[in-house]
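Coordinates as given in run-v6.txt (compact mmCIF, N, CA and C atoms):
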# COMPACT_ATOMS: atom_id res chain seq x y z
N MET A 1 97.51 193.61 108.12
CA MET A 1 96.91 194.17 106.92
C MET A 1 96.45 193.05 105.99
N GLU A 2 95.27 193.23 105.44
CA GLU A 2 94.73 192.29 104.46
C GLU A 2 94.43 193.07 103.18
N ILE A 3 95.48 193.52 102.52
CA ILE A 3 95.32 194.38 101.35
C ILE A 3 94.94 193.57 100.12
N HIS A 4 93.94 194.08 99.42
CA HIS A 4 93.54 193.49 98.14
C HIS A 4 92.91 194.58 97.28
N PHE A 5 92.67 194.24 96.03
CA PHE A 5 92.16 195.20 95.06
C PHE A 5 90.82 194.70 94.53
N GLU A 6 89.89 195.62 94.37
CA GLU A 6 88.58 195.30 93.81
C GLU A 6 88.29 196.27 92.67
N LYS A 7 87.88 195.70 91.55
CA LYS A 7 87.52 196.52 90.40
C LYS A 7 86.44 197.52 90.80
N VAL A 8 86.53 198.72 90.25
CA VAL A 8 85.50 199.73 90.51
C VAL A 8 84.26 199.36 89.71
N THR A 9 83.16 199.17 90.42
CA THR A 9 81.87 198.81 89.82
C THR A 9 80.80 199.75 90.37
N SER A 10 79.58 199.53 89.95
CA SER A 10 78.48 200.34 90.48
C SER A 10 78.32 200.14 91.99
N ASP A 11 78.77 199.00 92.50
CA ASP A 11 78.64 198.72 93.94
C ASP A 11 79.57 199.57 94.80
N ASN A 12 80.77 199.87 94.30
CA ASN A 12 81.72 200.61 95.14
C ASN A 12 82.12 201.97 94.56
N ARG A 13 81.56 202.32 93.43
CA ARG A 13 81.98 203.55 92.74
C ARG A 13 81.80 204.80 93.59
N LYS A 14 80.68 204.93 94.27
CA LYS A 14 80.42 206.13 95.07
C LYS A 14 81.45 206.26 96.19
N ALA A 15 81.77 205.16 96.84
CA ALA A 15 82.78 205.20 97.90
C ALA A 15 84.14 205.57 97.33
N VAL A 16 84.48 205.03 96.17
CA VAL A 16 85.75 205.36 95.53
C VAL A 16 85.79 206.84 95.16
N GLU A 17 84.68 207.36 94.64
CA GLU A 17 84.62 208.79 94.28
C GLU A 17 84.88 209.69 95.47
N ASN A 18 84.58 209.21 96.67
CA ASN A 18 84.73 210.02 97.88
C ASN A 18 86.12 209.97 98.49
N LEU A 19 87.03 209.19 97.91
CA LEU A 19 88.40 209.17 98.42
C LEU A 19 89.03 210.55 98.25
N GLN A 20 89.85 210.95 99.21
CA GLN A 20 90.48 212.27 99.16
C GLN A 20 91.92 212.20 99.64
N VAL A 21 92.74 213.04 99.03
CA VAL A 21 94.10 213.24 99.52
C VAL A 21 94.12 214.58 100.25
N PHE A 22 95.22 214.86 100.94
CA PHE A 22 95.35 216.15 101.63
C PHE A 22 95.40 217.28 100.61
N ALA A 23 94.98 218.46 101.03
CA ALA A 23 94.94 219.62 100.13
C ALA A 23 96.29 219.86 99.46
N LYS A 24 97.39 219.70 100.19
CA LYS A 24 98.72 219.95 99.62
C LYS A 24 99.10 218.91 98.56
N GLN A 25 98.35 217.80 98.48
CA GLN A 25 98.64 216.75 97.50
C GLN A 25 97.75 216.85 96.26
N GLN A 26 96.76 217.70 96.28
CA GLN A 26 95.77 217.73 95.21
C GLN A 26 96.33 218.15 93.86
N THR A 27 97.44 218.84 93.84
CA THR A 27 98.04 219.23 92.55
C THR A 27 98.85 218.09 91.93
N PHE A 28 99.05 217.01 92.69
CA PHE A 28 99.86 215.89 92.20
C PHE A 28 99.05 214.82 91.49
N ILE A 29 97.75 214.81 91.68
CA ILE A 29 96.92 213.76 91.09
C ILE A 29 95.56 214.34 90.72
N GLU A 30 94.98 213.81 89.68
CA GLU A 30 93.66 214.26 89.23
C GLU A 30 92.63 213.93 90.31
N SER A 31 91.49 214.62 90.24
CA SER A 31 90.40 214.33 91.18
C SER A 31 89.87 212.93 90.91
N MET A 32 89.18 212.38 91.89
CA MET A 32 88.62 211.05 91.70
C MET A 32 87.61 211.04 90.56
N ALA A 33 86.84 212.11 90.42
CA ALA A 33 85.89 212.18 89.30
C ALA A 33 86.62 212.10 87.97
N GLU A 34 87.75 212.82 87.84
CA GLU A 34 88.54 212.78 86.60
C GLU A 34 89.15 211.40 86.38
N ASN A 35 89.67 210.80 87.46
CA ASN A 35 90.26 209.46 87.34
C ASN A 35 89.25 208.46 86.79
N LEU A 36 88.08 208.44 87.38
CA LEU A 36 87.06 207.47 86.97
C LEU A 36 86.54 207.77 85.57
N LYS A 37 86.40 209.03 85.23
CA LYS A 37 85.96 209.40 83.88
C LYS A 37 86.98 208.91 82.85
N GLU A 38 88.26 209.13 83.12
CA GLU A 38 89.30 208.69 82.19
C GLU A 38 89.32 207.17 82.07
N SER A 39 89.16 206.49 83.18
CA SER A 39 89.12 205.04 83.16
C SER A 39 87.93 204.53 82.35
N ASP A 40 86.80 205.22 82.46
CA ASP A 40 85.61 204.84 81.68
C ASP A 40 85.82 205.07 80.19
N GLN A 41 86.54 206.14 79.84
CA GLN A 41 86.71 206.52 78.43
C GLN A 41 87.75 205.69 77.69
N PHE A 42 88.74 205.19 78.41
CA PHE A 42 89.84 204.48 77.77
C PHE A 42 89.89 203.04 78.27
N PRO A 43 89.54 202.09 77.41
CA PRO A 43 89.45 200.69 77.85
C PRO A 43 90.77 200.08 78.29
N GLU A 44 91.89 200.70 77.92
CA GLU A 44 93.18 200.14 78.35
C GLU A 44 93.46 200.41 79.84
N TRP A 45 92.72 201.33 80.44
CA TRP A 45 92.90 201.62 81.86
C TRP A 45 91.90 200.85 82.71
N GLU A 46 92.39 200.30 83.80
CA GLU A 46 91.53 199.63 84.78
C GLU A 46 91.60 200.41 86.08
N SER A 47 90.46 200.55 86.72
CA SER A 47 90.38 201.22 88.02
C SER A 47 90.09 200.20 89.10
N ALA A 48 90.79 200.35 90.22
CA ALA A 48 90.57 199.42 91.34
C ALA A 48 90.59 200.18 92.65
N GLY A 49 89.68 199.80 93.53
CA GLY A 49 89.75 200.28 94.90
C GLY A 49 90.78 199.45 95.64
N ILE A 50 91.50 200.09 96.54
CA ILE A 50 92.47 199.38 97.38
C ILE A 50 91.80 199.21 98.75
N TYR A 51 91.77 197.98 99.22
CA TYR A 51 91.08 197.66 100.46
C TYR A 51 92.02 197.01 101.47
N ASP A 52 91.74 197.27 102.74
CA ASP A 52 92.31 196.50 103.84
C ASP A 52 91.12 195.80 104.46
N GLY A 53 90.99 194.51 104.19
CA GLY A 53 89.78 193.81 104.59
C GLY A 53 88.60 194.39 103.83
N ASN A 54 87.60 194.87 104.57
CA ASN A 54 86.42 195.48 103.95
C ASN A 54 86.52 196.99 103.84
N GLN A 55 87.59 197.58 104.36
CA GLN A 55 87.75 199.03 104.40
C GLN A 55 88.44 199.54 103.15
N LEU A 56 87.75 200.42 102.41
CA LEU A 56 88.36 201.07 101.25
C LEU A 56 89.38 202.08 101.75
N ILE A 57 90.63 201.95 101.29
CA ILE A 57 91.70 202.83 101.76
C ILE A 57 92.36 203.63 100.64
N GLY A 58 92.11 203.26 99.38
CA GLY A 58 92.80 203.96 98.30
C GLY A 58 92.30 203.56 96.93
N TYR A 59 93.06 203.97 95.93
CA TYR A 59 92.66 203.81 94.54
C TYR A 59 93.90 203.64 93.66
N ALA A 60 93.75 202.85 92.62
CA ALA A 60 94.80 202.70 91.62
C ALA A 60 94.17 202.59 90.24
N MET A 61 94.86 203.15 89.25
CA MET A 61 94.47 203.00 87.85
C MET A 61 95.72 202.57 87.10
N TYR A 62 95.58 201.54 86.29
CA TYR A 62 96.73 200.95 85.61
C TYR A 62 96.31 200.33 84.30
N GLY A 63 97.28 200.01 83.47
CA GLY A 63 96.97 199.35 82.20
C GLY A 63 98.16 199.34 81.26
N ARG A 64 97.95 198.67 80.14
CA ARG A 64 98.97 198.62 79.10
C ARG A 64 98.64 199.70 78.08
N TRP A 65 99.56 200.65 77.91
CA TRP A 65 99.36 201.76 76.99
C TRP A 65 99.65 201.31 75.57
N GLN A 66 99.34 202.17 74.62
CA GLN A 66 99.45 201.83 73.19
C GLN A 66 100.87 201.44 72.78
N ASP A 67 101.87 201.94 73.49
CA ASP A 67 103.25 201.61 73.14
C ASP A 67 103.71 200.29 73.74
N GLY A 68 102.81 199.59 74.43
CA GLY A 68 103.12 198.30 75.01
C GLY A 68 103.59 198.37 76.46
N ARG A 69 103.87 199.56 76.93
CA ARG A 69 104.32 199.71 78.31
C ARG A 69 103.16 199.54 79.29
N VAL A 70 103.44 198.92 80.42
CA VAL A 70 102.45 198.78 81.48
C VAL A 70 102.69 199.90 82.49
N TRP A 71 101.64 200.69 82.72
CA TRP A 71 101.73 201.87 83.57
C TRP A 71 100.91 201.72 84.84
N LEU A 72 101.50 202.09 85.95
CA LEU A 72 100.77 202.36 87.17
C LEU A 72 100.50 203.86 87.11
N ASP A 73 99.36 204.20 86.53
CA ASP A 73 99.11 205.58 86.14
C ASP A 73 98.61 206.45 87.29
N ARG A 74 97.80 205.89 88.16
CA ARG A 74 97.28 206.64 89.31
C ARG A 74 97.38 205.74 90.53
N PHE A 75 97.79 206.33 91.63
CA PHE A 75 97.89 205.58 92.88
C PHE A 75 97.71 206.57 94.02
N LEU A 76 96.76 206.30 94.89
CA LEU A 76 96.58 207.17 96.05
C LEU A 76 96.04 206.39 97.23
N ILE A 77 96.42 206.85 98.39
CA ILE A 77 95.87 206.36 99.65
C ILE A 77 95.08 207.52 100.24
N ASP A 78 93.85 207.24 100.66
CA ASP A 78 92.99 208.27 101.24
C ASP A 78 93.70 208.93 102.42
N GLN A 79 93.46 210.23 102.59
CA GLN A 79 94.13 210.99 103.64
C GLN A 79 93.95 210.38 105.03
N ARG A 80 92.83 209.70 105.27
CA ARG A 80 92.58 209.11 106.59
C ARG A 80 93.50 207.93 106.89
N PHE A 81 94.11 207.36 105.83
CA PHE A 81 94.91 206.15 106.02
C PHE A 81 96.38 206.34 105.68
N GLN A 82 96.77 207.56 105.37
CA GLN A 82 98.18 207.83 105.07
C GLN A 82 99.01 207.76 106.34
N GLY A 83 100.30 207.43 106.17
CA GLY A 83 101.21 207.37 107.31
C GLY A 83 101.10 206.11 108.13
N GLN A 84 100.40 205.10 107.61
CA GLN A 84 100.20 203.85 108.34
C GLN A 84 100.82 202.65 107.62
N GLY A 85 101.62 202.91 106.59
CA GLY A 85 102.27 201.82 105.87
C GLY A 85 101.47 201.25 104.72
N TYR A 86 100.29 201.78 104.50
CA TYR A 86 99.45 201.26 103.42
C TYR A 86 100.02 201.54 102.04
N GLY A 87 100.60 202.71 101.84
CA GLY A 87 101.12 203.07 100.52
C GLY A 87 102.15 202.07 100.04
N LYS A 88 103.14 201.81 100.86
CA LYS A 88 104.22 200.90 100.47
C LYS A 88 103.68 199.48 100.29
N ALA A 89 102.88 199.01 101.24
CA ALA A 89 102.37 197.64 101.16
C ALA A 89 101.47 197.46 99.94
N ALA A 90 100.57 198.41 99.71
CA ALA A 90 99.64 198.28 98.58
C ALA A 90 100.37 198.41 97.25
N CYS A 91 101.31 199.33 97.15
CA CYS A 91 102.03 199.51 95.89
C CYS A 91 102.87 198.28 95.58
N ARG A 92 103.55 197.73 96.58
CA ARG A 92 104.35 196.52 96.37
C ARG A 92 103.46 195.38 95.85
N LEU A 93 102.32 195.19 96.48
CA LEU A 93 101.40 194.13 96.06
C LEU A 93 100.87 194.39 94.65
N LEU A 94 100.55 195.63 94.36
CA LEU A 94 100.05 195.98 93.03
C LEU A 94 101.12 195.76 91.96
N MET A 95 102.35 196.08 92.27
CA MET A 95 103.44 195.86 91.31
C MET A 95 103.51 194.38 90.91
N LEU A 96 103.44 193.50 91.88
CA LEU A 96 103.50 192.07 91.58
C LEU A 96 102.26 191.61 90.81
N LYS A 97 101.11 192.17 91.16
CA LYS A 97 99.88 191.85 90.43
C LYS A 97 100.00 192.25 88.96
N LEU A 98 100.55 193.42 88.69
CA LEU A 98 100.67 193.90 87.31
C LEU A 98 101.67 193.08 86.51
N ILE A 99 102.76 192.68 87.14
CA ILE A 99 103.76 191.83 86.47
C ILE A 99 103.09 190.53 86.02
N GLU A 100 102.30 189.95 86.90
CA GLU A 100 101.62 188.69 86.57
C GLU A 100 100.51 188.91 85.54
N LYS A 101 99.67 189.89 85.77
CA LYS A 101 98.51 190.14 84.90
C LYS A 101 98.92 190.42 83.46
N TYR A 102 99.94 191.25 83.29
CA TYR A 102 100.34 191.69 81.95
C TYR A 102 101.54 190.93 81.39
N GLN A 103 102.04 189.94 82.14
CA GLN A 103 103.16 189.12 81.69
C GLN A 103 104.32 189.99 81.18
N THR A 104 104.76 190.88 82.05
CA THR A 104 105.86 191.79 81.74
C THR A 104 106.83 191.79 82.90
N ASN A 105 108.01 192.33 82.69
CA ASN A 105 108.94 192.46 83.80
C ASN A 105 109.28 193.93 84.08
N LYS A 106 108.56 194.84 83.44
CA LYS A 106 108.86 196.26 83.61
C LYS A 106 107.57 197.06 83.77
N LEU A 107 107.58 197.97 84.75
CA LEU A 107 106.45 198.86 85.01
C LEU A 107 106.92 200.30 84.94
N TYR A 108 105.99 201.18 84.58
CA TYR A 108 106.28 202.61 84.46
C TYR A 108 105.27 203.41 85.28
N LEU A 109 105.72 204.56 85.74
CA LEU A 109 104.85 205.54 86.37
C LEU A 109 105.49 206.91 86.16
N SER A 110 104.73 207.94 86.43
CA SER A 110 105.30 209.29 86.33
C SER A 110 104.94 210.07 87.57
N VAL A 111 105.79 211.04 87.89
CA VAL A 111 105.64 211.77 89.14
C VAL A 111 106.20 213.18 88.97
N TYR A 112 105.55 214.13 89.64
CA TYR A 112 106.05 215.50 89.63
C TYR A 112 107.28 215.61 90.53
N ASP A 113 108.25 216.41 90.11
CA ASP A 113 109.47 216.64 90.89
C ASP A 113 109.18 217.08 92.32
N THR A 114 108.12 217.83 92.49
CA THR A 114 107.80 218.39 93.80
C THR A 114 107.08 217.41 94.72
N ASN A 115 106.72 216.24 94.21
CA ASN A 115 106.03 215.24 95.02
C ASN A 115 107.06 214.34 95.70
N ARG A 116 107.76 214.92 96.66
CA ARG A 116 108.89 214.24 97.32
C ARG A 116 108.47 212.95 98.03
N SER A 117 107.31 212.95 98.66
CA SER A 117 106.87 211.74 99.38
C SER A 117 106.67 210.58 98.42
N ALA A 118 106.04 210.85 97.29
CA ALA A 118 105.82 209.78 96.30
C ALA A 118 107.14 209.30 95.72
N ILE A 119 108.03 210.23 95.41
CA ILE A 119 109.34 209.84 94.87
C ILE A 119 110.07 208.94 95.85
N ARG A 120 110.07 209.32 97.12
CA ARG A 120 110.74 208.51 98.14
C ARG A 120 110.12 207.11 98.20
N LEU A 121 108.80 207.03 98.20
CA LEU A 121 108.13 205.73 98.23
C LEU A 121 108.53 204.89 97.03
N TYR A 122 108.42 205.45 95.84
CA TYR A 122 108.72 204.69 94.63
C TYR A 122 110.18 204.26 94.58
N GLN A 123 111.09 205.11 95.04
CA GLN A 123 112.50 204.73 95.07
C GLN A 123 112.73 203.60 96.08
N GLN A 124 112.06 203.64 97.21
CA GLN A 124 112.18 202.56 98.19
C GLN A 124 111.70 201.23 97.61
N LEU A 125 110.75 201.30 96.68
CA LEU A 125 110.22 200.09 96.05
C LEU A 125 111.04 199.66 94.84
N GLY A 126 112.06 200.43 94.48
CA GLY A 126 112.96 200.04 93.40
C GLY A 126 112.78 200.77 92.08
N PHE A 127 111.86 201.72 92.02
CA PHE A 127 111.70 202.51 90.80
C PHE A 127 112.88 203.47 90.66
N VAL A 128 113.29 203.70 89.41
CA VAL A 128 114.37 204.65 89.11
C VAL A 128 113.90 205.57 87.99
N PHE A 129 114.41 206.80 87.99
CA PHE A 129 114.11 207.72 86.90
C PHE A 129 114.81 207.24 85.64
N ASN A 130 114.12 207.31 84.50
CA ASN A 130 114.72 206.84 83.24
C ASN A 130 115.08 207.98 82.29
N GLY A 131 114.92 209.23 82.72
CA GLY A 131 115.30 210.37 81.89
C GLY A 131 114.20 210.89 81.00
N GLU A 132 113.05 210.24 80.98
CA GLU A 132 111.93 210.66 80.13
C GLU A 132 110.98 211.57 80.91
N LEU A 133 110.21 212.35 80.15
CA LEU A 133 109.11 213.13 80.69
C LEU A 133 107.83 212.67 80.01
N ASP A 134 106.72 212.64 80.76
CA ASP A 134 105.45 212.30 80.12
C ASP A 134 104.83 213.55 79.49
N THR A 135 103.64 213.41 78.95
CA THR A 135 103.00 214.51 78.24
C THR A 135 102.62 215.68 79.15
N ASN A 136 102.58 215.44 80.48
CA ASN A 136 102.28 216.50 81.44
C ASN A 136 103.54 217.11 82.05
N GLY A 137 104.70 216.67 81.59
CA GLY A 137 105.95 217.18 82.15
C GLY A 137 106.40 216.47 83.41
N GLU A 138 105.73 215.37 83.75
CA GLU A 138 106.15 214.59 84.91
C GLU A 138 107.32 213.69 84.53
N ARG A 139 108.20 213.44 85.50
CA ARG A 139 109.34 212.57 85.27
C ARG A 139 108.89 211.11 85.31
N VAL A 140 109.37 210.33 84.36
CA VAL A 140 109.01 208.92 84.26
C VAL A 140 109.99 208.08 85.08
N MET A 141 109.41 207.15 85.83
CA MET A 141 110.20 206.18 86.59
C MET A 141 109.85 204.79 86.06
N GLU A 142 110.80 203.87 86.16
CA GLU A 142 110.54 202.50 85.75
C GLU A 142 111.07 201.54 86.80
N TRP A 143 110.48 200.37 86.82
CA TRP A 143 110.87 199.31 87.74
C TRP A 143 110.97 198.02 86.95
N THR A 144 112.06 197.31 87.15
CA THR A 144 112.26 196.03 86.48
C THR A 144 112.19 194.92 87.51
N TYR A 145 111.30 193.97 87.26
CA TYR A 145 111.13 192.82 88.15
C TYR A 145 112.31 191.89 88.01
N GLN A 146 112.87 191.52 89.14
CA GLN A 146 113.96 190.56 89.16
C GLN A 146 113.56 189.45 90.11
N ASN A 147 113.25 188.30 89.56
CA ASN A 147 112.82 187.15 90.35
C ASN A 147 114.01 186.60 91.12
N LYS A 148 113.98 186.80 92.43
CA LYS A 148 115.12 186.36 93.26
C LYS A 148 114.77 185.13 94.05
Encoding of this model in structure tokens:
Amino acid sequence: MEIHFEKVTSDNRKAVENLQVFAKQQTFIESMAENLKESDQFPEWESAGIYDGNQLIGYAMYGRWQDGRVWLDRFLIDQRFQGQGYGKAACRLLMLKLIEKYQTNKLYLSVYDTNRSAIRLYQQLGFVFNGELDTNGERVMEWTYQNK
């Protein structure tokens, strides 16, 4: 795997818009059109395509929110590439990128209780529930970087 992230630009936007999750996952994340619209409207959010070499495999949106917290707000792997280890590898790499980019040791994300696959992935990567709920009623998870 040669996973890397590329900012969403006019060059790759159409391909990013065409990313899809399975039908049973669609209630867990906004549509790609909504993701990109929100990223365009709020300068604190950055959108990136997730690539393996030249192949677009997923999408992430992240940024520092007004309260100073750094959020991994959206993360998805296209349905064609799920179950191949991309989710864990890409999320792990993105976590380290965000720690460096934002000079922080803590990251936040939120997840629906019913999204068991995502919860399992995030827990495997070291995220823990912190007892908070976000504005959509999703449970907040946090991860603290420990340089070992």
Practice task
Using only C-alpha atoms, determine which residues lie at most 9 Å from segment 21-38 of chain A, disregarding the query and same-chain residues fewer than 5 positions distant; provide the list as a list in words.
Solution key: Val8, Arg13, Val16, Trp45, Ser47, Tyr59, Met61, Arg74, Phe75, Leu76, Ile77, Asp78, Gln79, Arg80, Gln82, Val111, Tyr112, Thr114 and Asn115 of chain A
Determine which residues of chain A receive a DSSP assignment of helix (DSSP H, G or I), computed from the backbone, and state them as a tab-separated table (two decimals) with N, CA and C atoms, in the coordinates of the input.
chain	number	residue	atom	x	y	z
A	13	ARG	N	81.56	202.32	93.43
A	13	ARG	CA	81.98	203.55	92.74
A	13	ARG	C	81.80	204.80	93.59
A	14	LYS	N	80.68	204.93	94.27
A	14	LYS	CA	80.42	206.13	95.07
A	14	LYS	C	81.45	206.26	96.19
A	15	ALA	N	81.77	205.16	96.84
A	15	ALA	CA	82.78	205.20	97.90
A	15	ALA	C	84.14	205.57	97.33
A	16	VAL	N	84.48	205.03	96.17
A	16	VAL	CA	85.75	205.36	95.53
A	16	VAL	C	85.79	206.84	95.16
A	17	GLU	N	84.68	207.36	94.64
A	17	GLU	CA	84.62	208.79	94.28
A	17	GLU	C	84.88	209.69	95.47
A	23	ALA	N	94.98	218.46	101.03
A	23	ALA	CA	94.94	219.62	100.13
A	23	ALA	C	96.29	219.86	99.46
A	24	LYS	N	97.39	219.70	100.19
A	24	LYS	CA	98.72	219.95	99.62
A	24	LYS	C	99.10	218.91	98.56
A	25	GLN	N	98.35	217.80	98.48
A	25	GLN	CA	98.64	216.75	97.50
A	25	GLN	C	97.75	216.85	96.26
A	32	MET	N	89.18	212.38	91.89
A	32	MET	CA	88.62	211.05	91.70
A	32	MET	C	87.61	211.04	90.56
A	33	ALA	N	86.84	212.11	90.42
A	33	ALA	CA	85.89	212.18	89.30
A	33	ALA	C	86.62	212.10	87.97
A	34	GLU	N	87.75	212.82	87.84
A	34	GLU	CA	88.54	212.78	86.60
A	34	GLU	C	89.15	211.40	86.38
A	35	ASN	N	89.67	210.80	87.46
A	35	ASN	CA	90.26	209.46	87.34
A	35	ASN	C	89.25	208.46	86.79
A	36	LEU	N	88.08	208.44	87.38
A	36	LEU	CA	87.06	207.47	86.97
A	36	LEU	C	86.54	207.77	85.57
A	37	LYS	N	86.40	209.03	85.23
A	37	LYS	CA	85.96	209.40	83.88
A	37	LYS	C	86.98	208.91	82.85
A	38	GLU	N	88.26	209.13	83.12
A	38	GLU	CA	89.30	208.69	82.19
A	38	GLU	C	89.32	207.17	82.07
A	39	SER	N	89.16	206.49	83.18
A	39	SER	CA	89.12	205.04	83.16
A	39	SER	C	87.93	204.53	82.35
A	40	ASP	N	86.80	205.22	82.46
A	40	ASP	CA	85.61	204.84	81.68
A	40	ASP	C	85.82	205.07	80.19
A	41	GLN	N	86.54	206.14	79.84
A	41	GLN	CA	86.71	206.52	78.43
A	41	GLN	C	87.75	205.69	77.69
A	79	GLN	N	93.46	210.23	102.59
A	79	GLN	CA	94.13	210.99	103.64
A	79	GLN	C	93.95	210.38	105.03
A	80	ARG	N	92.83	209.70	105.27
A	80	ARG	CA	92.58	209.11	106.59
A	80	ARG	C	93.50	207.93	106.89
A	81	PHE	N	94.11	207.36	105.83
A	81	PHE	CA	94.91	206.15	106.02
A	81	PHE	C	96.38	206.34	105.68
A	86	TYR	N	100.29	201.78	104.50
A	86	TYR	CA	99.45	201.26	103.42
A	86	TYR	C	100.02	201.54	102.04
A	87	GLY	N	100.60	202.71	101.84
A	87	GLY	CA	101.12	203.07	100.52
A	87	GLY	C	102.15	202.07	100.04
A	88	LYS	N	103.14	201.81	100.86
A	88	LYS	CA	104.22	200.90	100.47
A	88	LYS	C	103.68	199.48	100.29
A	89	ALA	N	102.88	199.01	101.24
A	89	ALA	CA	102.37	197.64	101.16
A	89	ALA	C	101.47	197.46	99.94
A	90	ALA	N	100.57	198.41	99.71
A	90	ALA	CA	99.64	198.28	98.58
A	90	ALA	C	100.37	198.41	97.25
A	91	CYS	N	101.31	199.33	97.15
A	91	CYS	CA	102.03	199.51	95.89
A	91	CYS	C	102.87	198.28	95.58
A	92	ARG	N	103.55	197.73	96.58
A	92	ARG	CA	104.35	196.52	96.37
A	92	ARG	C	103.46	195.38	95.85
A	93	LEU	N	102.32	195.19	96.48
A	93	LEU	CA	101.40	194.13	96.06
A	93	LEU	C	100.87	194.39	94.65
A	94	LEU	N	100.55	195.63	94.36
A	94	LEU	CA	100.05	195.98	93.03
A	94	LEU	C	101.12	195.76	91.96
A	95	MET	N	102.35	196.08	92.27
A	95	MET	CA	103.44	195.86	91.31
A	95	MET	C	103.51	194.38	90.91
A	96	LEU	N	103.44	193.50	91.88
A	96	LEU	CA	103.50	192.07	91.58
A	96	LEU	C	102.26	191.61	90.81
A	97	LYS	N	101.11	192.17	91.16
A	97	LYS	CA	99.88	191.85	90.43
A	97	LYS	C	100.00	192.25	88.96
A	98	LEU	N	100.55	193.42	88.69
A	98	LEU	CA	100.67	193.90	87.31
A	98	LEU	C	101.67	193.08	86.51
A	99	ILE	N	102.76	192.68	87.14
A	99	ILE	CA	103.76	191.83	86.47
A	99	ILE	C	103.09	190.53	86.02
A	100	GLU	N	102.30	189.95	86.90
A	100	GLU	CA	101.62	188.69	86.57
A	100	GLU	C	100.51	188.91	85.54
A	101	LYS	N	99.67	189.89	85.77
A	101	LYS	CA	98.51	190.14	84.90
A	101	LYS	C	98.92	190.42	83.46
A	102	TYR	N	99.94	191.25	83.29
A	102	TYR	CA	100.34	191.69	81.95
A	102	TYR	C	101.54	190.93	81.39
A	116	ARG	N	107.76	214.92	96.66
A	116	ARG	CA	108.89	214.24	97.32
A	116	ARG	C	108.47	212.95	98.03
A	117	SER	N	107.31	212.95	98.66
A	117	SER	CA	106.87	211.74	99.38
A	117	SER	C	106.67	210.58	98.42
A	118	ALA	N	106.04	210.85	97.29
A	118	ALA	CA	105.82	209.78	96.30
A	118	ALA	C	107.14	209.30	95.72
A	119	ILE	N	108.03	210.23	95.41
A	119	ILE	CA	109.34	209.84	94.87
A	119	ILE	C	110.07	208.94	95.85
A	120	ARG	N	110.07	209.32	97.12
A	120	ARG	CA	110.74	208.51	98.14
A	120	ARG	C	110.12	207.11	98.20
A	121	LEU	N	108.80	207.03	98.20
A	121	LEU	CA	108.13	205.73	98.23
A	121	LEU	C	108.53	204.89	97.03
A	122	TYR	N	108.42	205.45	95.84
A	122	TYR	CA	108.72	204.69	94.63
A	122	TYR	C	110.18	204.26	94.58
A	123	GLN	N	111.09	205.11	95.04
A	123	GLN	CA	112.50	204.73	95.07
A	123	GLN	C	112.73	203.60	96.08
A	124	GLN	N	112.06	203.64	97.21
A	124	GLN	CA	112.18	202.56	98.19
A	124	GLN	C	111.70	201.23	97.61
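Nearest residue to Gln20 of chain A, choosing from A:Gly58, A:Ile99, A:Tyr51, A:Ile3 and counting all atoms listed in the file: A:Gly58.
Between atom C of Glu138 of chain A and atom C of Leu72 of chain A the separation is 12.2 Å.
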Exercise for the section: Apply DSSP to the structure's backbone, then extract all residues of chain A labelled strand (DSSP E) and return them as a ChimeraX atom specification. Expected result: /A:3-7,45-52,55-64,70-77,106-111,128-133,139-144
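Between atom CA of Asn18 of chain A and atom CA of Gly63 of chain A the interatomic distance comes to 22.6 Å.
Ranking A:Arg69, A:Lys88, A:His4, A:Arg139 by their shortest atom-to-atom distance to Asp113 of chain A, with only C-alpha atoms included, puts A:Arg139 first.
The coordinates place atom C of Gln84 of chain A at 25.4 Å from atom C of Gln146 of chain A.
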Edge lengths and centre in Å to one decimal, as AutoDock Vina command-line options, of the axis-aligned box that encloses all listed atoms of segment 81-87 of chain A with 5 Å added on every side?
--center_x 98.2 --center_y 204.5 --center_z 104.2 --size_x 18.2 --size_y 16.6 --size_z 18.3
Exercise for the section: Find, counting only N, CA and C atoms, the residue in A:Arg64, A:Glu17, A:Ser39, A:Ser117 that gets nearest to Tyr102 of chain A. Expected result: A:Arg64
Practice task
With a distance cut-off of 10 Å and only C-alpha atoms, select the neighbouring residues of Phe127 of chain A, excluding the residue or stretch itself and same-chain residues fewer than 4 positions from it, and output the selection as a list in words.
Solution key: Lys106, Leu107, Tyr108, Leu109, Ile119, Arg120, Leu121, Tyr122, Gln123, Val140, Met141, Glu142, Trp143 and Thr144 of chain A
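You can rank A:Tyr86, A:Trp71, A:Gln124, A:Asp134 by their closest distance to Thr104 of chain A using only C-alpha atoms, and at the top of that list sits A:Trp71.
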Practice task
Using only C-alpha atoms, determine which residues lie at most 12 Å from Glu100 of chain A, disregarding the query and same-chain residues fewer than 5 positions distant; provide the list as a PyMOL selection string.
Solution key: chain A and resi 70+93-95+105-107+145+147
